[in-house]
Amino acid sequence: MSEKHTLRVFDEDLKALSDDVIKLAIHVSEELNSAVTALISGDAGAAWTVIDSDRQADALQDRINQHTARTLIRQQAMADDLRAILAAARIAPHLERIGDYAKNTAKRALRLSGSIDAELAAQLQWMATRIQSMLRRVMKAYTLRDAEAANVAWADDAELDAVYANLFRHLLILMANDSHRVADSTQLLFIAKGLERAGDHVTDIAEEVYLMVAGKPLQGPRPKVSEPISV
């Protein structure tokens, strides 16, 4: 095989790998949105659809893993290309975990005894929307190979943590004041924690993008927001 042909095949492998990572990001973002929508609307059928759709995320992650291994074996990658291949392999599990949190949200929605109040619904919807926004921006940074754009996710995650803290306190008060709401509030606590963890995974992806582009880790502690944020 000629050197020109080898490089063309390698470029095609890298693009296919990148495309699959983007597909996985889009899928888990849609999965998360559908799960929270099903939770707020109390739509059991929609919740089951989310649970079933998580198999597609698992299959995409498997394909990325196989493609990564095949590309590494078949090609002699330069440093920049090697970082791109390894970044895809490390980003995919974070995306798959976001899909898992969406699936778990749908599962817990099915266990609720009734609808949730408007304040809780607004905060959970805000968290899900913020995670989707973060993920879109980080994956755009991944596509454009923009290290500075990836760095923005840290500030976004700090606000997400603050809303989670608000929600956590609100649910604890509900449980303390009304024993009949303990079971549902416990499910909602797990859902909120899952959303907060999904945001952490987005920031982990941002760190991988930064490392891929800059060739060095993103330095410094993640910023935290100490004051509650109103939704």
# chains A, B, ... in the order shown; residues from 1 in each chain; ligands from 1

$ residues_around --residues "Ala89 in chain A" --least-positions-apart "3" --cutoff "10 Å" --atoms "only C-alpha atoms" --output "PDB file with N, CA and C atoms, in the first residue's frame"
ATOM      1  N   LEU A  17     -14.064   7.379  13.589  1.00  0.00           N
ATOM      2  CA  LEU A  17     -14.017   7.287  15.043  1.00  0.00           C
ATOM      3  C   LEU A  17     -14.624   8.538  15.674  1.00  0.00           C
ATOM      4  N   VAL A  21     -18.136   9.054  18.065  1.00  0.00           N
ATOM      5  CA  VAL A  21     -18.156   9.737  19.362  1.00  0.00           C
ATOM      6  C   VAL A  21     -19.249  10.814  19.362  1.00  0.00           C
ATOM      7  N   GLN A  61     -20.786   2.511  22.130  1.00  0.00           N
ATOM      8  CA  GLN A  61     -19.537   2.489  22.890  1.00  0.00           C
ATOM      9  C   GLN A  61     -18.689   1.281  22.494  1.00  0.00           C
ATOM     10  N   ASP A  62     -19.342   0.122  22.342  1.00  0.00           N
ATOM     11  CA  ASP A  62     -18.611  -1.080  21.914  1.00  0.00           C
ATOM     12  C   ASP A  62     -17.958  -0.858  20.554  1.00  0.00           C
ATOM     13  N   ILE A  64     -17.029   1.990  19.218  1.00  0.00           N
ATOM     14  CA  ILE A  64     -15.909   2.917  19.383  1.00  0.00           C
ATOM     15  C   ILE A  64     -14.689   2.178  19.934  1.00  0.00           C
ATOM     16  N   ASN A  65     -14.900   1.326  20.923  1.00  0.00           N
ATOM     17  CA  ASN A  65     -13.789   0.566  21.501  1.00  0.00           C
ATOM     18  C   ASN A  65     -13.126  -0.328  20.458  1.00  0.00           C
ATOM     19  N   GLN A  66     -13.944  -1.007  19.661  1.00  0.00           N
ATOM     20  CA  GLN A  66     -13.405  -1.892  18.629  1.00  0.00           C
ATOM     21  C   GLN A  66     -12.670  -1.094  17.556  1.00  0.00           C
ATOM     22  N   HIS A  67     -13.247   0.042  17.180  1.00  0.00           N
ATOM     23  CA  HIS A  67     -12.639   0.877  16.153  1.00  0.00           C
ATOM     24  C   HIS A  67     -11.313   1.453  16.637  1.00  0.00           C
ATOM     25  N   THR A  68     -11.278   1.852  17.910  1.00  0.00           N
ATOM     26  CA  THR A  68     -10.044   2.380  18.490  1.00  0.00           C
ATOM     27  C   THR A  68      -8.931   1.342  18.438  1.00  0.00           C
ATOM     28  N   ALA A  69      -9.245   0.133  18.892  1.00  0.00           N
ATOM     29  CA  ALA A  69      -8.237  -0.925  18.899  1.00  0.00           C
ATOM     30  C   ALA A  69      -7.770  -1.249  17.484  1.00  0.00           C
ATOM     31  N   ARG A  83      -3.166  10.943  20.317  1.00  0.00           N
ATOM     32  CA  ARG A  83      -3.981  11.577  21.360  1.00  0.00           C
ATOM     33  C   ARG A  83      -5.451  11.582  20.953  1.00  0.00           C
ATOM     34  N   ALA A  84      -5.735  11.807  19.676  1.00  0.00           N
ATOM     35  CA  ALA A  84      -7.126  11.815  19.202  1.00  0.00           C
ATOM     36  C   ALA A  84      -7.759  10.431  19.335  1.00  0.00           C
ATOM     37  N   ILE A  85      -7.004   9.400  19.013  1.00  0.00           N
ATOM     38  CA  ILE A  85      -7.515   8.030  19.127  1.00  0.00           C
ATOM     39  C   ILE A  85      -7.791   7.675  20.583  1.00  0.00           C
ATOM     40  N   LEU A  86      -6.825   7.978  21.441  1.00  0.00           N
ATOM     41  CA  LEU A  86      -6.976   7.651  22.858  1.00  0.00           C
ATOM     42  C   LEU A  86      -8.071   8.503  23.504  1.00  0.00           C
ATOM     43  N   ALA A  92     -15.725   8.004  25.248  1.00  0.00           N
ATOM     44  CA  ALA A  92     -16.885   7.128  25.056  1.00  0.00           C
ATOM     45  C   ALA A  92     -17.464   6.594  26.367  1.00  0.00           C
ATOM     46  N   PRO A  93     -16.654   6.107  27.323  1.00  0.00           N
ATOM     47  CA  PRO A  93     -17.243   5.631  28.577  1.00  0.00           C
ATOM     48  C   PRO A  93     -17.968   6.717  29.368  1.00  0.00           C
ATOM     49  N   HIS A  94     -17.469   7.945  29.317  1.00  0.00           N
ATOM     50  CA  HIS A  94     -18.168   9.045  29.999  1.00  0.00           C
ATOM     51  C   HIS A  94     -19.533   9.289  29.362  1.00  0.00           C
TER      52      HIS A  94
END

$ residues_around --residues "Leu218 in chain A" --least-positions-apart "5" --cutoff "8 Å" --atoms "only C-alpha atoms" --output "PyMOL selection string"
chain A and resi 151+207+210-211

$ write_last_selection --atoms "N, CA and C atoms" --output "PDB file, in the first residue's frame"
ATOM      1  N   ASN A 151     -12.616  24.257  28.075  1.00  0.00           N
ATOM      2  CA  ASN A 151     -12.381  24.730  29.439  1.00  0.00           C
ATOM      3  C   ASN A 151     -13.622  25.379  30.049  1.00  0.00           C
ATOM      4  N   GLU A 207     -12.022  17.785  29.967  1.00  0.00           N
ATOM      5  CA  GLU A 207     -10.611  17.594  30.301  1.00  0.00           C
ATOM      6  C   GLU A 207      -9.910  16.728  29.257  1.00  0.00           C
ATOM      7  N   TYR A 210      -9.347  18.877  26.167  1.00  0.00           N
ATOM      8  CA  TYR A 210      -8.225  19.790  26.391  1.00  0.00           C
ATOM      9  C   TYR A 210      -6.895  19.055  26.263  1.00  0.00           C
ATOM     10  N   LEU A 211      -6.801  17.885  26.872  1.00  0.00           N
ATOM     11  CA  LEU A 211      -5.571  17.097  26.793  1.00  0.00           C
ATOM     12  C   LEU A 211      -5.275  16.686  25.356  1.00  0.00           C
TER      13      LEU A 211
END

$ atom_distance --atom1 "CA of Asn104 in chain A" --atom2 "CA of Ala176 in chain A"
25.0 Å

$ atom_distance --atom1 "CA of Ala87 in chain A" --atom2 "CA of Ala198 in chain A"
18.4 Å

$ residues_around --residues "Val138 in chain A" --least-positions-apart "5" --cutoff "7 Å" --atoms "only C-alpha atoms" --output "list in words"
Ala150, Ala153 and Ala206 of chain A

$ closest_residue --among "A:Gly99, A:Gly42, A:Gly199, A:Gly114" --to "Ile131 in chain A" --atoms "only C-alpha atoms"
A:Gly199

$ closest_residue --among "A:Tyr142, A:Phe10, A:Tyr101, A:Tyr164" --to "Leu124 in chain A" --atoms "only C-alpha atoms"
A:Tyr164

$ closest_residue --among "A:Asp117, A:Glu196, A:Asp43, A:Asp54" --to "Phe168 in chain A" --atoms "only C-alpha atoms"
A:Glu196

$ closest_residue --among "A:Arg63, A:Lys193, A:Arg137, A:Lys216" --to "Ala88 in chain A" --atoms "only C-alpha atoms"
A:Arg63

$ closest_residue --among "A:Thr71, A:Ser115, A:Ser18, A:Thr105" --to "Val50 in chain A" --atoms "only C-alpha atoms"
A:Thr105

$ select_by_dssp --residues "range 62-114 of chain A" --states "alpha helix (DSSP H)" --output "MDAnalysis selection string"
chainID A and resid 62:74 79:109

$ residues_around --residues "Ala183 in chain A" --least-positions-apart "3" --cutoff "10 Å" --atoms "only C-alpha atoms" --output "PDB file with N, CA and C atoms, in the first residue's frame"
ATOM      1  N   ARG A 111     -41.222   4.417  39.353  1.00  0.00           N
ATOM      2  CA  ARG A 111     -41.485   4.031  40.740  1.00  0.00           C
ATOM      3  C   ARG A 111     -42.204   5.105  41.538  1.00  0.00           C
ATOM      4  N   LEU A 112     -42.387   6.281  40.958  1.00  0.00           N
ATOM      5  CA  LEU A 112     -43.056   7.368  41.673  1.00  0.00           C
ATOM      6  C   LEU A 112     -44.548   7.084  41.805  1.00  0.00           C
ATOM      7  N   SER A 113     -45.113   7.501  42.930  1.00  0.00           N
ATOM      8  CA  SER A 113     -46.537   7.242  43.172  1.00  0.00           C
ATOM      9  C   SER A 113     -47.434   8.258  42.488  1.00  0.00           C
ATOM     10  N   MET A 175     -39.195  15.632  53.017  1.00  0.00           N
ATOM     11  CA  MET A 175     -39.191  14.352  53.720  1.00  0.00           C
ATOM     12  C   MET A 175     -39.373  14.545  55.217  1.00  0.00           C
ATOM     13  N   SER A 179     -44.051  12.478  56.086  1.00  0.00           N
ATOM     14  CA  SER A 179     -43.533  11.105  55.976  1.00  0.00           C
ATOM     15  C   SER A 179     -44.080  10.379  54.757  1.00  0.00           C
ATOM     16  N   HIS A 180     -45.237  10.815  54.254  1.00  0.00           N
ATOM     17  CA  HIS A 180     -45.821  10.160  53.087  1.00  0.00           C
ATOM     18  C   HIS A 180     -45.028  10.457  51.806  1.00  0.00           C
ATOM     19  N   THR A 186     -37.079  10.126  48.001  1.00  0.00           N
ATOM     20  CA  THR A 186     -35.850   9.333  47.912  1.00  0.00           C
ATOM     21  C   THR A 186     -35.513   9.034  46.460  1.00  0.00           C
ATOM     22  N   GLN A 187     -36.531   8.661  45.673  1.00  0.00           N
ATOM     23  CA  GLN A 187     -36.308   8.413  44.241  1.00  0.00           C
ATOM     24  C   GLN A 187     -35.804   9.689  43.553  1.00  0.00           C
ATOM     25  N   LEU A 188     -36.391  10.826  43.896  1.00  0.00           N
ATOM     26  CA  LEU A 188     -35.996  12.095  43.279  1.00  0.00           C
ATOM     27  C   LEU A 188     -34.583  12.512  43.696  1.00  0.00           C
TER      28      LEU A 188
END

$ residues_around --residues "Arg136 in chain A" --least-positions-apart "6" --cutoff "10 Å" --atoms "only C-alpha atoms" --output "list of chain:residue names"
A:Ile22, A:Ala25, A:Ile26, A:Ser29, A:Arg130, A:Tyr142, A:Val202

$ write_last_selection --atoms "C-alpha atoms" --output "CSV table (one decimal), in the first residue's frame"
chain,number,residue,atom,x,y,z
A,22,ILE,CA,-20.4,12.6,18.2
A,25,ALA,CA,-23.0,12.3,22.5
A,26,ILE,CA,-26.1,13.2,20.5
A,29,SER,CA,-28.2,13.9,25.2
A,130,ARG,CA,-27.8,22.7,31.4
A,142,TYR,CA,-14.0,18.2,20.4
A,202,VAL,CA,-19.2,16.3,30.9

$ atom_distance --atom1 "CA of Gly215 in chain A" --atom2 "CA of Asp81 in chain A"
11.1 Å

$ closest_residue --among "A:Ile205, A:Leu160, A:Ile73, A:Ala38" --to "Thr129 in chain A" --atoms "only C-alpha atoms"
A:Leu160

$ decode --residues "range 25-47 of chain A" --atoms "N, CA and C atoms" --output "mmCIF file, in the first residue's frame"
data_model
loop_
_atom_site.group_PDB
_atom_site.id
_atom_site.type_symbol
_atom_site.label_atom_id
_atom_site.label_comp_id
_atom_site.auth_asym_id
_atom_site.auth_seq_id
_atom_site.Cartn_x
_atom_site.Cartn_y
_atom_site.Cartn_z
ATOM 1 N N ALA A 25 -22.652 11.064 21.686
ATOM 2 C CA ALA A 25 -22.986 12.263 22.459
ATOM 3 C C ALA A 25 -24.407 12.733 22.164
ATOM 4 N N ILE A 26 -24.774 12.751 20.892
ATOM 5 C CA ILE A 26 -26.129 13.166 20.504
ATOM 6 C C ILE A 26 -27.168 12.213 21.091
ATOM 7 N N HIS A 27 -26.860 10.923 21.026
ATOM 8 C CA HIS A 27 -27.815 9.920 21.512
ATOM 9 C C HIS A 27 -28.056 10.072 23.006
ATOM 10 N N VAL A 28 -26.983 10.195 23.809
ATOM 11 C CA VAL A 28 -27.178 10.264 25.258
ATOM 12 C C VAL A 28 -27.809 11.593 25.662
ATOM 13 N N SER A 29 -27.541 12.667 24.900
ATOM 14 C CA SER A 29 -28.183 13.947 25.185
ATOM 15 C C SER A 29 -29.689 13.839 24.972
ATOM 16 N N GLU A 30 -30.087 13.221 23.871
ATOM 17 C CA GLU A 30 -31.515 13.027 23.597
ATOM 18 C C GLU A 30 -32.146 12.082 24.627
ATOM 19 N N GLU A 31 -31.371 11.084 25.024
ATOM 20 C CA GLU A 31 -31.847 10.126 26.020
ATOM 21 C C GLU A 31 -32.128 10.831 27.349
ATOM 22 N N LEU A 32 -31.212 11.706 27.744
ATOM 23 C CA LEU A 32 -31.369 12.447 28.995
ATOM 24 C C LEU A 32 -32.590 13.353 28.936
ATOM 25 N N ASN A 33 -32.761 14.064 27.843
ATOM 26 C CA ASN A 33 -33.912 14.950 27.691
ATOM 27 C C ASN A 33 -35.219 14.164 27.737
ATOM 28 N N SER A 34 -35.249 13.034 27.062
ATOM 29 C CA SER A 34 -36.469 12.214 27.045
ATOM 30 C C SER A 34 -36.785 11.652 28.420
ATOM 31 N N ALA A 35 -35.743 11.287 29.173
ATOM 32 C CA ALA A 35 -35.950 10.722 30.509
ATOM 33 C C ALA A 35 -36.556 11.753 31.449
ATOM 34 N N VAL A 36 -36.018 12.975 31.445
ATOM 35 C CA VAL A 36 -36.535 14.008 32.340
ATOM 36 C C VAL A 36 -37.933 14.443 31.894
ATOM 37 N N THR A 37 -38.162 14.488 30.592
ATOM 38 C CA THR A 37 -39.508 14.803 30.095
ATOM 39 C C THR A 37 -40.518 13.761 30.550
ATOM 40 N N ALA A 38 -40.130 12.477 30.474
ATOM 41 C CA ALA A 38 -41.006 11.394 30.931
ATOM 42 C C ALA A 38 -41.250 11.490 32.430
ATOM 43 N N LEU A 39 -40.216 11.861 33.185
ATOM 44 C CA LEU A 39 -40.345 12.024 34.632
ATOM 45 C C LEU A 39 -41.351 13.112 34.972
ATOM 46 N N ILE A 40 -41.190 14.261 34.339
ATOM 47 C CA ILE A 40 -42.045 15.406 34.666
ATOM 48 C C ILE A 40 -43.488 15.184 34.209
ATOM 49 N N SER A 41 -43.646 14.544 33.057
ATOM 50 C CA SER A 41 -45.003 14.327 32.519
ATOM 51 C C SER A 41 -45.679 13.096 33.104
ATOM 52 N N GLY A 42 -44.893 12.227 33.759
ATOM 53 C CA GLY A 42 -45.457 10.984 34.279
ATOM 54 C C GLY A 42 -45.812 9.988 33.200
ATOM 55 N N ASP A 43 -45.123 10.055 32.067
ATOM 56 C CA ASP A 43 -45.408 9.199 30.913
ATOM 57 C C ASP A 43 -44.604 7.904 31.023
ATOM 58 N N ALA A 44 -45.265 6.832 31.474
ATOM 59 C CA ALA A 44 -44.578 5.557 31.665
ATOM 60 C C ALA A 44 -44.084 4.971 30.345
ATOM 61 N N GLY A 45 -44.873 5.134 29.296
ATOM 62 C CA GLY A 45 -44.454 4.616 27.993
ATOM 63 C C GLY A 45 -43.181 5.269 27.507
ATOM 64 N N ALA A 46 -43.079 6.584 27.699
ATOM 65 C CA ALA A 46 -41.871 7.309 27.290
ATOM 66 C C ALA A 46 -40.676 6.872 28.129
ATOM 67 N N ALA A 47 -40.912 6.595 29.402
ATOM 68 C CA ALA A 47 -39.830 6.136 30.273
ATOM 69 C C ALA A 47 -39.289 4.792 29.794
#
